[in-house]
>>> print(open('input.txt').read())   # compact mmCIF, C-alpha atoms and all ligand atoms
# COMPACT_ATOMS: atom_id res chain seq x y z
CA MET A 80 47.64 180.48 119.31
CA PRO A 81 45.47 177.38 119.41
CA LYS A 82 47.04 174.42 117.63
CA LEU A 83 46.55 170.70 117.67
CA LEU A 84 48.14 167.48 116.49
CA HIS A 85 45.45 165.53 114.71
CA ARG A 86 44.78 163.17 111.85
CA MET A 87 42.90 164.89 109.05
CA VAL A 88 41.76 164.22 105.52
CA TRP A 89 44.29 165.98 103.30
CA PRO A 90 42.31 168.15 100.87
CA GLU A 91 44.50 167.49 97.82
CA THR A 92 44.57 163.70 98.10
CA GLY A 93 41.56 162.77 100.20
CA GLN A 94 43.91 160.60 102.30
CA PRO A 95 44.17 160.63 106.14
CA VAL A 96 47.34 162.45 107.26
CA ASP A 97 48.89 163.14 110.69
CA ALA A 98 49.13 166.91 110.83
CA LEU A 99 49.94 169.89 113.03
CA ILE A 100 46.98 172.24 112.65
CA LYS A 101 47.03 175.93 113.67
CA PHE A 102 43.99 178.21 113.94
CA GLU A 103 43.67 181.98 113.60
CA LYS A 104 40.49 183.86 114.33
CA ALA A 105 39.38 186.37 111.67
CA GLY A 106 40.04 190.06 112.32
CA PRO A 107 42.81 192.28 113.62
CA GLY A 108 43.80 190.37 116.78
CA LYS A 109 47.23 190.16 118.38
CA TYR A 110 48.49 187.78 115.70
CA GLN A 111 46.77 189.40 112.72
CA ASP A 112 47.49 187.52 109.46
CA ILE A 113 50.08 185.28 111.12
CA LEU A 114 49.02 182.14 109.26
CA VAL A 115 49.06 183.84 105.85
CA LEU A 116 52.59 185.01 106.70
CA GLU A 117 53.67 181.63 108.05
CA ASP A 118 52.42 179.99 104.87
CA TRP A 119 54.34 182.57 102.80
CA ALA A 120 57.47 182.02 104.93
CA TYR A 121 57.30 178.26 104.31
CA GLY A 122 57.18 179.07 100.59
CA VAL A 123 60.30 181.25 100.87
CA HIS A 124 62.23 178.40 102.54
CA GLU A 125 60.95 175.97 99.93
CA ARG A 126 62.12 178.19 97.08
CA PHE A 127 65.50 178.43 98.77
CA GLY A 128 65.78 174.66 98.48
CA LEU A 129 65.20 173.87 102.16
CA PRO A 130 63.01 170.96 103.28
CA VAL A 131 59.53 171.97 104.45
CA PRO A 132 56.53 169.81 105.37
CA ALA A 133 53.61 169.68 102.96
CA ARG A 134 51.10 172.31 103.98
CA VAL A 135 47.64 173.63 103.26
CA LEU A 136 46.14 177.02 104.18
CA LEU A 137 42.36 176.97 104.50
CA HIS A 138 39.75 179.47 105.59
CA ASP A 139 36.08 179.30 106.43
CA ASP A 140 33.27 181.61 105.29
CA TYR A 141 33.98 183.98 108.21
CA GLY A 142 37.68 184.46 107.34
CA ASN A 143 39.03 182.24 110.15
CA GLN A 144 42.28 180.69 108.96
CA ILE A 145 43.69 177.19 109.36
CA LEU A 146 47.25 176.19 108.49
CA ALA A 147 47.96 172.45 108.48
CA THR A 148 51.39 170.91 108.00
CA THR A 149 52.06 167.20 107.70
CA ARG A 150 53.90 165.74 110.71
CA PHE A 151 57.52 164.98 109.91
CA ASP A 152 57.90 162.94 113.12
CA ARG A 153 55.51 160.26 111.87
CA ILE A 154 55.95 157.80 109.01
CA GLU A 155 52.79 155.83 108.24
CA GLY A 156 51.51 156.66 111.70
CA ARG A 157 54.64 155.45 113.48
CA PRO A 158 56.85 157.84 115.49
CA VAL A 159 60.29 158.89 114.26
CA PRO A 160 62.79 160.01 116.96
CA CYS A 161 62.73 163.80 117.15
CA GLU A 162 64.54 166.12 119.58
CA SER A 163 64.84 169.90 119.54
CA LEU A 164 68.28 171.50 119.21
CA TYR A 165 67.65 172.73 122.74
CA GLY A 166 67.21 169.21 124.10
CA ALA A 167 70.20 167.92 122.16
CA LEU A 168 72.50 170.76 123.23
CA LYS A 169 71.35 170.66 126.82
CA ILE A 170 72.67 167.12 127.08
CA LEU A 171 76.09 168.50 126.12
CA ASN A 172 76.08 171.43 128.49
CA ARG A 173 73.24 171.71 130.95
CA LYS A 174 74.56 174.92 132.49
CA ILE A 175 74.76 177.06 129.36
CA PHE A 176 71.46 175.99 127.90
CA GLU A 177 69.11 177.20 130.58
CA THR A 178 66.76 178.72 128.02
CA PRO A 179 66.17 177.96 124.33
CA PHE A 180 66.98 181.60 123.47
CA THR A 181 69.60 184.21 124.36
CA ASP A 182 68.47 186.87 126.81
CA ALA A 183 68.97 190.56 125.85
CA PHE A 184 72.65 191.61 125.89
CA LYS A 185 73.78 188.01 126.62
CA THR A 186 75.89 185.87 124.27
CA GLU A 187 74.88 182.33 125.26
CA PRO A 188 73.36 180.12 124.02
CA ASN A 189 74.64 181.05 120.58
CA PHE A 190 74.78 179.75 117.02
CA LEU A 191 78.48 178.94 117.31
CA GLN A 192 77.59 176.36 119.96
CA VAL A 193 74.93 175.02 117.61
CA SER A 194 77.47 174.71 114.78
CA GLN A 195 80.04 172.99 116.99
CA ALA A 196 77.55 170.40 118.18
CA LEU A 197 75.94 169.86 114.78
CA MET A 198 79.22 169.57 112.87
CA SER A 199 80.92 167.26 115.35
CA PRO A 200 80.79 163.53 114.52
CA ARG A 201 81.09 162.85 118.26
CA THR A 202 77.60 164.14 119.03
CA GLY A 203 75.94 162.14 116.26
CA MET A 204 73.49 165.00 115.78
CA SER A 205 73.84 164.81 112.01
CA ALA A 206 74.65 161.95 109.68
CA ASP A 207 75.61 164.58 107.08
CA PRO A 208 77.17 167.55 108.90
CA GLY A 209 78.20 169.30 105.67
CA ALA A 210 74.66 169.38 104.28
CA ASP A 211 72.99 170.10 107.63
CA GLY A 212 75.51 172.84 108.48
CA ALA A 213 74.75 174.57 105.19
CA SER A 214 71.03 174.09 105.77
CA MET A 215 71.18 175.58 109.27
CA PHE A 216 73.14 178.58 108.04
CA SER A 217 70.57 179.21 105.28
CA ARG A 218 67.76 179.05 107.85
CA ILE A 219 69.54 181.59 110.05
CA VAL A 220 70.16 184.00 107.16
CA LEU A 221 66.56 183.71 105.97
CA SER A 222 65.23 184.27 109.47
CA PHE A 223 66.72 187.77 109.44
CA LEU A 224 65.31 188.60 106.02
CA ILE A 225 61.78 187.45 106.73
CA CYS A 226 61.55 189.15 110.14
CA ASN A 227 61.49 185.88 112.05
CA GLY A 228 63.14 186.84 115.31
CA ASP A 229 62.02 183.56 116.84
CA LEU A 230 64.44 180.97 115.44
CA HIS A 231 65.20 179.71 118.93
CA LEU A 232 66.58 176.31 119.86
CA LYS A 233 63.14 174.70 120.03
CA ASN A 234 62.21 175.87 116.56
CA THR A 235 64.66 173.48 114.87
CA SER A 236 64.97 169.78 115.63
CA ILE A 237 67.08 166.73 114.98
CA LEU A 238 65.09 163.96 113.34
CA GLY A 239 65.87 160.27 112.96
CA GLY A 240 67.48 157.48 114.94
CA ARG A 241 71.10 156.85 115.83
CA GLY A 242 73.39 157.05 112.82
CA GLN A 243 70.63 158.53 110.63
CA ALA A 244 69.79 161.77 112.38
CA ARG A 245 69.42 164.88 110.24
CA LEU A 246 68.15 168.40 110.71
CA SER A 247 64.34 168.37 110.69
CA PRO A 248 62.36 170.12 108.00
CA VAL A 249 61.78 173.82 108.66
CA TYR A 250 58.85 174.61 110.98
CA ASP A 251 57.39 177.65 112.71
CA PRO A 252 59.02 180.16 110.31
CA ALA A 253 56.48 182.97 110.93
CA PRO A 254 57.72 186.60 110.89
CA MET A 255 57.37 186.89 114.67
CA ARG A 256 59.08 190.30 114.88
CA LEU A 257 55.69 191.70 113.85
CA TYR A 258 54.03 190.29 116.95
CA GLY A 259 56.42 190.67 119.89
CA SER A 260 54.75 191.76 123.09
CA GLY A 261 56.18 195.27 122.98
CA ASP A 262 59.42 194.12 121.39
CA ASP A 263 60.59 193.13 117.96
CA ASN A 264 63.75 191.17 118.68
CA LEU A 265 66.06 190.84 115.70
CA THR A 266 67.04 187.34 116.79
CA ALA A 267 66.31 184.81 119.50
CA ILE A 268 69.91 183.53 119.42
CA SER A 269 73.16 185.48 119.49
CA PHE A 270 76.28 184.79 117.44
CA GLY A 271 79.77 186.25 116.91
CA GLY A 272 79.87 187.61 120.44
CA LEU A 273 77.21 190.17 119.46
CA ARG A 274 74.84 191.49 122.08
CA PHE A 275 71.30 191.99 120.84
CA PHE A 276 68.62 194.19 122.28
CA ARG A 277 65.22 194.33 120.61
CA SER A 278 65.41 195.61 117.02
CA LYS A 279 68.82 197.28 117.31
CA ILE A 280 71.30 195.99 114.71
CA PRO A 281 74.64 195.66 116.51
CA GLU A 282 77.87 196.93 114.98
CA GLY A 283 79.46 194.28 112.75
CA PHE A 284 76.22 192.29 112.37
CA GLY A 285 76.56 191.60 108.62
CA ALA A 286 80.23 190.65 108.73
CA LYS A 287 79.69 188.40 111.74
CA LEU A 288 76.78 186.71 110.02
CA ALA A 289 78.95 185.95 106.97
CA GLU A 290 81.65 184.65 109.30
CA LEU A 291 79.12 182.41 111.05
CA GLY A 292 78.69 180.55 107.76
CA THR A 293 82.31 179.34 107.96
CA HIS A 294 81.54 177.71 111.31
CA PHE A 295 78.75 175.80 109.59
CA GLY A 296 81.32 174.45 107.12
CA LEU A 297 80.97 176.92 104.25
CA ARG A 298 83.85 178.67 102.51
CA PRO A 299 83.73 182.45 103.06
CA SER A 300 82.70 183.05 99.42
CA ARG A 301 79.89 180.49 99.71
CA ALA A 302 78.64 182.03 102.96
CA LYS A 303 78.48 185.40 101.20
CA SER A 304 76.58 183.97 98.26
CA VAL A 305 74.01 182.40 100.59
CA ILE A 306 73.39 185.90 101.96
CA SER A 307 73.22 187.41 98.44
CA ASP A 308 70.83 184.70 97.25
CA ALA A 309 68.63 185.18 100.33
CA LEU A 310 68.61 188.95 99.73
CA GLU A 311 67.47 188.37 96.16
CA LEU A 312 64.83 185.83 97.13
CA THR A 313 63.30 188.17 99.70
CA ALA A 314 63.60 191.41 97.70
CA ARG A 315 59.89 191.53 96.91
CA ALA A 316 58.67 190.22 100.25
CA THR A 317 56.32 193.11 100.97
CA GLU A 318 54.61 192.76 97.57
CA GLU A 319 54.34 189.02 98.09
CA ILE A 320 52.73 189.23 101.51
CA ALA A 321 50.32 191.89 100.23
CA MET A 322 49.40 189.58 97.35
CA ALA A 323 48.93 186.72 99.83
CA GLY A 324 46.31 188.85 101.61
CA ALA A 325 48.17 190.49 104.51
CA ALA A 326 46.56 193.73 105.72
CA GLU A 327 48.10 197.10 104.80
CA ASN A 328 49.36 197.79 108.36
CA ILE A 329 51.07 194.40 108.47
CA VAL A 330 52.76 194.97 105.10
CA LEU A 331 53.94 198.40 106.23
CA ALA A 332 55.30 197.09 109.54
CA PHE A 333 57.06 194.23 107.75
CA GLY A 334 58.79 196.66 105.37
CA GLN A 335 59.93 198.83 108.26
CA LEU A 336 61.48 195.89 110.09
CA GLN A 337 63.00 194.23 107.03
CA GLY A 338 64.48 197.38 105.40
CA PRO A 339 67.37 198.10 107.80
CA VAL A 340 68.37 194.40 107.90
CA ARG A 341 68.51 194.30 104.10
CA GLU A 342 70.65 197.44 103.97
CA GLU A 343 73.08 196.07 106.55
CA LEU A 344 73.41 192.70 104.81
CA LYS A 345 73.80 194.25 101.35
CA ALA A 346 76.60 196.45 102.68
CA ALA A 347 78.27 193.48 104.39
CA VAL A 348 78.23 191.37 101.23
CA LEU A 349 79.69 194.27 99.21
CA ARG A 350 82.31 195.05 101.86
CA ASN A 351 83.40 191.45 102.03
CA THR A 352 83.53 191.16 98.25
CA HIS A 353 85.81 194.19 97.98
CA ALA A 354 87.96 192.99 100.86
CA GLY A 355 88.29 189.58 99.24
CA ALA A 356 88.87 190.95 95.72
N1 LIG B 401 55.17 169.56 110.79
C1 LIG B 401 55.51 169.18 112.02
N2 LIG B 401 55.69 167.89 112.32
C2 LIG B 401 56.02 167.49 113.56
N3 LIG B 401 56.19 168.32 114.60
C3 LIG B 401 56.03 169.63 114.37
C4 LIG B 401 55.68 170.14 113.08
N4 LIG B 401 55.61 171.48 113.17
C5 LIG B 401 55.87 171.78 114.44
N5 LIG B 401 56.12 170.68 115.17
C6 LIG B 401 56.40 170.58 116.61
O1 LIG B 401 55.36 171.25 117.30
C7 LIG B 401 55.89 172.31 118.11
C8 LIG B 401 54.95 173.52 118.05
O2 LIG B 401 54.85 173.97 116.71
P1 LIG B 401 55.29 175.43 116.30
O3 LIG B 401 56.68 175.67 116.79
O4 LIG B 401 55.03 175.54 114.84
O5 LIG B 401 54.20 176.27 117.05
P2 LIG B 401 54.30 177.49 118.03
O6 LIG B 401 53.04 178.18 117.87
O7 LIG B 401 55.57 178.24 117.89
O8 LIG B 401 54.35 176.78 119.38
P3 LIG B 401 55.47 176.88 120.47
O9 LIG B 401 55.25 178.19 121.13
O10 LIG B 401 55.21 175.70 121.32
O11 LIG B 401 56.80 176.83 119.74
C9 LIG B 401 57.29 172.56 117.55
O12 LIG B 401 58.15 173.06 118.53
C10 LIG B 401 57.71 171.23 117.01
O13 LIG B 401 58.28 170.44 118.04
MG MG B 402 57.65 177.13 117.87
>>> encode(input="input.txt", output="structure tokens", more="lines below")
Ligand SMILES: Nc1ncnc2c1ncn2[C@@H]1O[C@H](COP(=O)(O)OP(=O)(O)OP(=O)(O)O)[C@@H](O)[C@H]1O
Ligand SMILES: [Mg+2]
Amino acid sequence: MPKLLHRMVWPETGQPVDALIKFEKAGPGKYQDILVLEDWAYGVHERFGLPVPARVLLHDDYGNQILATTRFDRIEGRPVPCESLYGALKILNRKIFETPFTDAFKTEPNFLQVSQALMSPRTGMSADPGADGASMFSRIVLSFLICNGDLHLKNTSILGGRGQARLSPVYDPAPMRLYGSGDDNLTAISFGGLRFFRSKIPEGFGAKLAELGTHFGLRPSRAKSVISDALELTARATEEIAMAGAAENIVLAFGQLQGPVREELKAAVLRNTHAGA
């Protein structure tokens, strides 16, 4: 996908803004409707209370799409320190972090390693580990419910200088499971010792996801309510993407990918509730 970092006149304010600008050609190409879906996915994160950059979705008379987001690594044109989770974690353990994603059937790198590094005051990755842990867990849960199988270690960053670093705003939240080259990986990163292969939901997925929340500093009941809230927020996803202009085949494919994940997570939240009652 062509994209570029450029200063542009922001349509709403008429002011020059440093932006990341992505382009999508009209028509049913490999990434059909991806920018409409990415724009929608940003909205989902925003409604969930997560930080997102300001954005604008534009199109020309031929239906070519442009999605611009304001750069969060610039303040008044000056750079703010920014490092991907991959870069940050690789400093801690070069051997484990050979790739920013977990290969099929492997268990490293994983989200437990992310939580340990993020929550530890020794790494200095977050000036507010409680808030950033909760934020990271919400992003992971949402990724499953919006068919984003691409939340790898370069799609989240640490932003800000020493003593002030925080998790970056959300970026690149597109439902990439729709566009895999012959695959539709449930996740780019493993957790709970689970081994993932393409769209297969491994045994214990829901329970392990709830458990992952505790490693990001949440009480078990809070981790469960994050999952319940995310389920509720994404319940009408297919209607929403249709309304946003996604083609019928895209809406159908989205529903087929999202459905089994929803069922699994609903069952896990219920199971846990009964177990805890
Ligand atoms: N709003 C933003 N402000 C600053 N940097 C950003 C912003 N959005 C994305 N980036 C940076 O630009 C990179 C590419 O953007 P993005 O991840 O959205 O595109 P992509 O199409 O997935 O590209 P890639 O395959 O390189 O990940 C990101 O990995 C991130 O470092
Ligand atoms: Mg990316």
>>> residues_near_ligand(input="input.txt", ligand="ligand MG 402 (chain B)", cutoff="12 Å", atoms="all atoms listed in the file", output="PyMOL selection string")
chain A and resi 80+82+99+101+117+163+165+179-180+227-236+249-255+267
>>> atom_distance(input="input.txt", atom1="CA of Arg301 in chain A", atom2="CA of Ala286 in chain A")
13.6 Å
>>> closest_residue(input="input.txt", among="A:Thr148, A:Ser217, A:Asn143, A:Gln111", to="Asp308 in chain A", atoms="all atoms listed in the file")
A:Ser217
>>> residues_around(input="input.txt", residues="Ala98 in chain A", least_positions_apart="6", cutoff="12 Å", atoms="all atoms listed in the file", output="compact mmCIF listing (two decimals) with C-alpha atoms, keeping the file's coordinate frame")
# COMPACT_ATOMS: atom_id res chain seq x y z
CA LYS A 82 47.04 174.42 117.63
CA LEU A 83 46.55 170.70 117.67
CA LEU A 84 48.14 167.48 116.49
CA HIS A 85 45.45 165.53 114.71
CA ARG A 86 44.78 163.17 111.85
CA MET A 87 42.90 164.89 109.05
CA VAL A 88 41.76 164.22 105.52
CA TRP A 89 44.29 165.98 103.30
CA PRO A 132 56.53 169.81 105.37
CA ALA A 133 53.61 169.68 102.96
CA ARG A 134 51.10 172.31 103.98
CA VAL A 135 47.64 173.63 103.26
CA ILE A 145 43.69 177.19 109.36
CA LEU A 146 47.25 176.19 108.49
CA ALA A 147 47.96 172.45 108.48
CA THR A 148 51.39 170.91 108.00
CA THR A 149 52.06 167.20 107.70
CA ARG A 150 53.90 165.74 110.71
CA PHE A 151 57.52 164.98 109.91
CA ASP A 152 57.90 162.94 113.12
CA ARG A 153 55.51 160.26 111.87
CA ILE A 154 55.95 157.80 109.01
CA GLU A 155 52.79 155.83 108.24
CA GLY A 156 51.51 156.66 111.70
>>> closest_residue(input="input.txt", among="A:Pro248, A:Gly106, A:Gly242, A:Gly324", to="ligand LIG 401 (chain B)", atoms="all atoms listed in the file")
A:Pro248
>>> atom_distance(input="input.txt", atom1="CA of Leu291 in chain A", atom2="CA of Ser194 in chain A")
8.7 Å
>>> residues_around(input="input.txt", residues="range 325-332 of chain A", least_positions_apart="5", cutoff="6 Å", atoms="only C-alpha atoms", output="count of residues only")
3
>>> residues_around(input="input.txt", residues="Thr293 in chain A", least_positions_apart="2", cutoff="10 Å", atoms="all atoms listed in the file", output="PyMOL selection string")
chain A and resi 194+212-213+216+288-291+295-303
>>> build_atoms(input="input.txt", residues="range 234-269 of chain A", atoms="N, CA and C atoms", output="PDB file, keeping the file's coordinate frame")
ATOM      1  N   ASN A 234      62.858 175.738 117.855  1.00  0.00           N
ATOM      2  CA  ASN A 234      62.210 175.870 116.560  1.00  0.00           C
ATOM      3  C   ASN A 234      63.021 175.230 115.435  1.00  0.00           C
ATOM      4  N   THR A 235      63.968 174.369 115.817  1.00  0.00           N
ATOM      5  CA  THR A 235      64.660 173.480 114.870  1.00  0.00           C
ATOM      6  C   THR A 235      64.889 172.179 115.638  1.00  0.00           C
ATOM      7  N   SER A 236      64.785 171.070 114.952  1.00  0.00           N
ATOM      8  CA  SER A 236      64.970 169.780 115.630  1.00  0.00           C
ATOM      9  C   SER A 236      65.912 168.874 114.859  1.00  0.00           C
ATOM     10  N   ILE A 237      66.294 167.819 115.565  1.00  0.00           N
ATOM     11  CA  ILE A 237      67.080 166.730 114.980  1.00  0.00           C
ATOM     12  C   ILE A 237      66.112 165.561 114.833  1.00  0.00           C
ATOM     13  N   LEU A 238      66.105 164.973 113.668  1.00  0.00           N
ATOM     14  CA  LEU A 238      65.090 163.960 113.340  1.00  0.00           C
ATOM     15  C   LEU A 238      65.765 162.677 112.868  1.00  0.00           C
ATOM     16  N   GLY A 239      65.333 161.560 113.412  1.00  0.00           N
ATOM     17  CA  GLY A 239      65.870 160.270 112.960  1.00  0.00           C
ATOM     18  C   GLY A 239      66.690 159.588 114.033  1.00  0.00           C
ATOM     19  N   GLY A 240      66.787 158.282 113.929  1.00  0.00           N
ATOM     20  CA  GLY A 240      67.480 157.480 114.940  1.00  0.00           C
ATOM     21  C   GLY A 240      68.995 157.565 114.846  1.00  0.00           C
ATOM     22  N   ARG A 241      69.648 156.854 115.752  1.00  0.00           N
ATOM     23  CA  ARG A 241      71.100 156.850 115.830  1.00  0.00           C
ATOM     24  C   ARG A 241      71.727 156.506 114.463  1.00  0.00           C
ATOM     25  N   GLY A 242      72.684 157.318 114.076  1.00  0.00           N
ATOM     26  CA  GLY A 242      73.390 157.050 112.820  1.00  0.00           C
ATOM     27  C   GLY A 242      72.655 157.580 111.592  1.00  0.00           C
ATOM     28  N   GLN A 243      71.409 158.047 111.793  1.00  0.00           N
ATOM     29  CA  GLN A 243      70.630 158.530 110.630  1.00  0.00           C
ATOM     30  C   GLN A 243      70.081 159.918 110.862  1.00  0.00           C
ATOM     31  N   ALA A 244      70.426 160.495 112.015  1.00  0.00           N
ATOM     32  CA  ALA A 244      69.790 161.770 112.380  1.00  0.00           C
ATOM     33  C   ALA A 244      70.171 162.889 111.417  1.00  0.00           C
ATOM     34  N   ARG A 245      69.221 163.710 111.103  1.00  0.00           N
ATOM     35  CA  ARG A 245      69.420 164.880 110.240  1.00  0.00           C
ATOM     36  C   ARG A 245      68.626 166.049 110.808  1.00  0.00           C
ATOM     37  N   LEU A 246      68.943 167.233 110.333  1.00  0.00           N
ATOM     38  CA  LEU A 246      68.150 168.400 110.710  1.00  0.00           C
ATOM     39  C   LEU A 246      66.713 168.172 110.237  1.00  0.00           C
ATOM     40  N   SER A 247      65.750 168.540 111.072  1.00  0.00           N
ATOM     41  CA  SER A 247      64.340 168.370 110.690  1.00  0.00           C
ATOM     42  C   SER A 247      63.998 169.312 109.540  1.00  0.00           C
ATOM     43  N   PRO A 248      62.870 169.074 108.889  1.00  0.00           N
ATOM     44  CA  PRO A 248      62.360 170.120 108.000  1.00  0.00           C
ATOM     45  C   PRO A 248      62.151 171.427 108.780  1.00  0.00           C
ATOM     46  N   VAL A 249      62.056 172.511 108.052  1.00  0.00           N
ATOM     47  CA  VAL A 249      61.780 173.820 108.660  1.00  0.00           C
ATOM     48  C   VAL A 249      60.372 173.796 109.255  1.00  0.00           C
ATOM     49  N   TYR A 250      60.205 174.399 110.437  1.00  0.00           N
ATOM     50  CA  TYR A 250      58.850 174.610 110.980  1.00  0.00           C
ATOM     51  C   TYR A 250      58.803 175.921 111.745  1.00  0.00           C
ATOM     52  N   ASP A 251      57.624 176.409 111.961  1.00  0.00           N
ATOM     53  CA  ASP A 251      57.390 177.650 112.710  1.00  0.00           C
ATOM     54  C   ASP A 251      58.216 178.843 112.187  1.00  0.00           C
ATOM     55  N   PRO A 252      58.183 179.093 110.867  1.00  0.00           N
ATOM     56  CA  PRO A 252      59.020 180.160 110.310  1.00  0.00           C
ATOM     57  C   PRO A 252      58.328 181.534 110.263  1.00  0.00           C
ATOM     58  N   ALA A 253      57.276 181.733 111.035  1.00  0.00           N
ATOM     59  CA  ALA A 253      56.480 182.970 110.930  1.00  0.00           C
ATOM     60  C   ALA A 253      57.309 184.215 111.263  1.00  0.00           C
ATOM     61  N   PRO A 254      57.010 185.340 110.614  1.00  0.00           N
ATOM     62  CA  PRO A 254      57.720 186.600 110.890  1.00  0.00           C
ATOM     63  C   PRO A 254      57.325 187.183 112.250  1.00  0.00           C
ATOM     64  N   MET A 255      57.827 186.559 113.314  1.00  0.00           N
ATOM     65  CA  MET A 255      57.370 186.890 114.670  1.00  0.00           C
ATOM     66  C   MET A 255      57.757 188.290 115.130  1.00  0.00           C
ATOM     67  N   ARG A 256      58.715 188.937 114.447  1.00  0.00           N
ATOM     68  CA  ARG A 256      59.080 190.300 114.880  1.00  0.00           C
ATOM     69  C   ARG A 256      57.866 191.225 114.805  1.00  0.00           C
ATOM     70  N   LEU A 257      56.897 190.865 113.979  1.00  0.00           N
ATOM     71  CA  LEU A 257      55.690 191.700 113.850  1.00  0.00           C
ATOM     72  C   LEU A 257      54.805 191.613 115.088  1.00  0.00           C
ATOM     73  N   TYR A 258      55.016 190.570 115.902  1.00  0.00           N
ATOM     74  CA  TYR A 258      54.030 190.290 116.950  1.00  0.00           C
ATOM     75  C   TYR A 258      54.583 190.283 118.366  1.00  0.00           C
ATOM     76  N   GLY A 259      55.833 190.713 118.549  1.00  0.00           N
ATOM     77  CA  GLY A 259      56.420 190.670 119.890  1.00  0.00           C
ATOM     78  C   GLY A 259      55.567 191.460 120.866  1.00  0.00           C
ATOM     79  N   SER A 260      55.536 191.010 122.113  1.00  0.00           N
ATOM     80  CA  SER A 260      54.750 191.760 123.090  1.00  0.00           C
ATOM     81  C   SER A 260      55.548 192.989 123.509  1.00  0.00           C
ATOM     82  N   GLY A 261      55.466 194.027 122.693  1.00  0.00           N
ATOM     83  CA  GLY A 261      56.180 195.270 122.980  1.00  0.00           C
ATOM     84  C   GLY A 261      57.623 195.242 122.491  1.00  0.00           C
ATOM     85  N   ASP A 262      58.066 194.123 121.947  1.00  0.00           N
ATOM     86  CA  ASP A 262      59.420 194.120 121.390  1.00  0.00           C
ATOM     87  C   ASP A 262      59.394 193.532 119.980  1.00  0.00           C
ATOM     88  N   ASP A 263      60.521 193.650 119.313  1.00  0.00           N
ATOM     89  CA  ASP A 263      60.590 193.130 117.960  1.00  0.00           C
ATOM     90  C   ASP A 263      61.997 192.587 117.744  1.00  0.00           C
ATOM     91  N   ASN A 264      62.378 191.674 118.649  1.00  0.00           N
ATOM     92  CA  ASN A 264      63.750 191.170 118.680  1.00  0.00           C
ATOM     93  C   ASN A 264      64.246 190.707 117.310  1.00  0.00           C
ATOM     94  N   LEU A 265      65.441 191.197 116.975  1.00  0.00           N
ATOM     95  CA  LEU A 265      66.060 190.840 115.700  1.00  0.00           C
ATOM     96  C   LEU A 265      66.331 189.341 115.636  1.00  0.00           C
ATOM     97  N   THR A 266      66.744 188.768 116.761  1.00  0.00           N
ATOM     98  CA  THR A 266      67.040 187.340 116.790  1.00  0.00           C
ATOM     99  C   THR A 266      66.783 186.768 118.187  1.00  0.00           C
ATOM    100  N   ALA A 267      66.481 185.486 118.208  1.00  0.00           N
ATOM    101  CA  ALA A 267      66.310 184.810 119.500  1.00  0.00           C
ATOM    102  C   ALA A 267      67.641 184.269 119.999  1.00  0.00           C
ATOM    103  N   ILE A 268      68.621 184.141 119.080  1.00  0.00           N
ATOM    104  CA  ILE A 268      69.910 183.530 119.420  1.00  0.00           C
ATOM    105  C   ILE A 268      71.044 184.432 118.944  1.00  0.00           C
ATOM    106  N   SER A 269      72.010 184.645 119.825  1.00  0.00           N
ATOM    107  CA  SER A 269      73.160 185.480 119.490  1.00  0.00           C
ATOM    108  C   SER A 269      74.201 184.694 118.680  1.00  0.00           C
TER     109      SER A 269
END
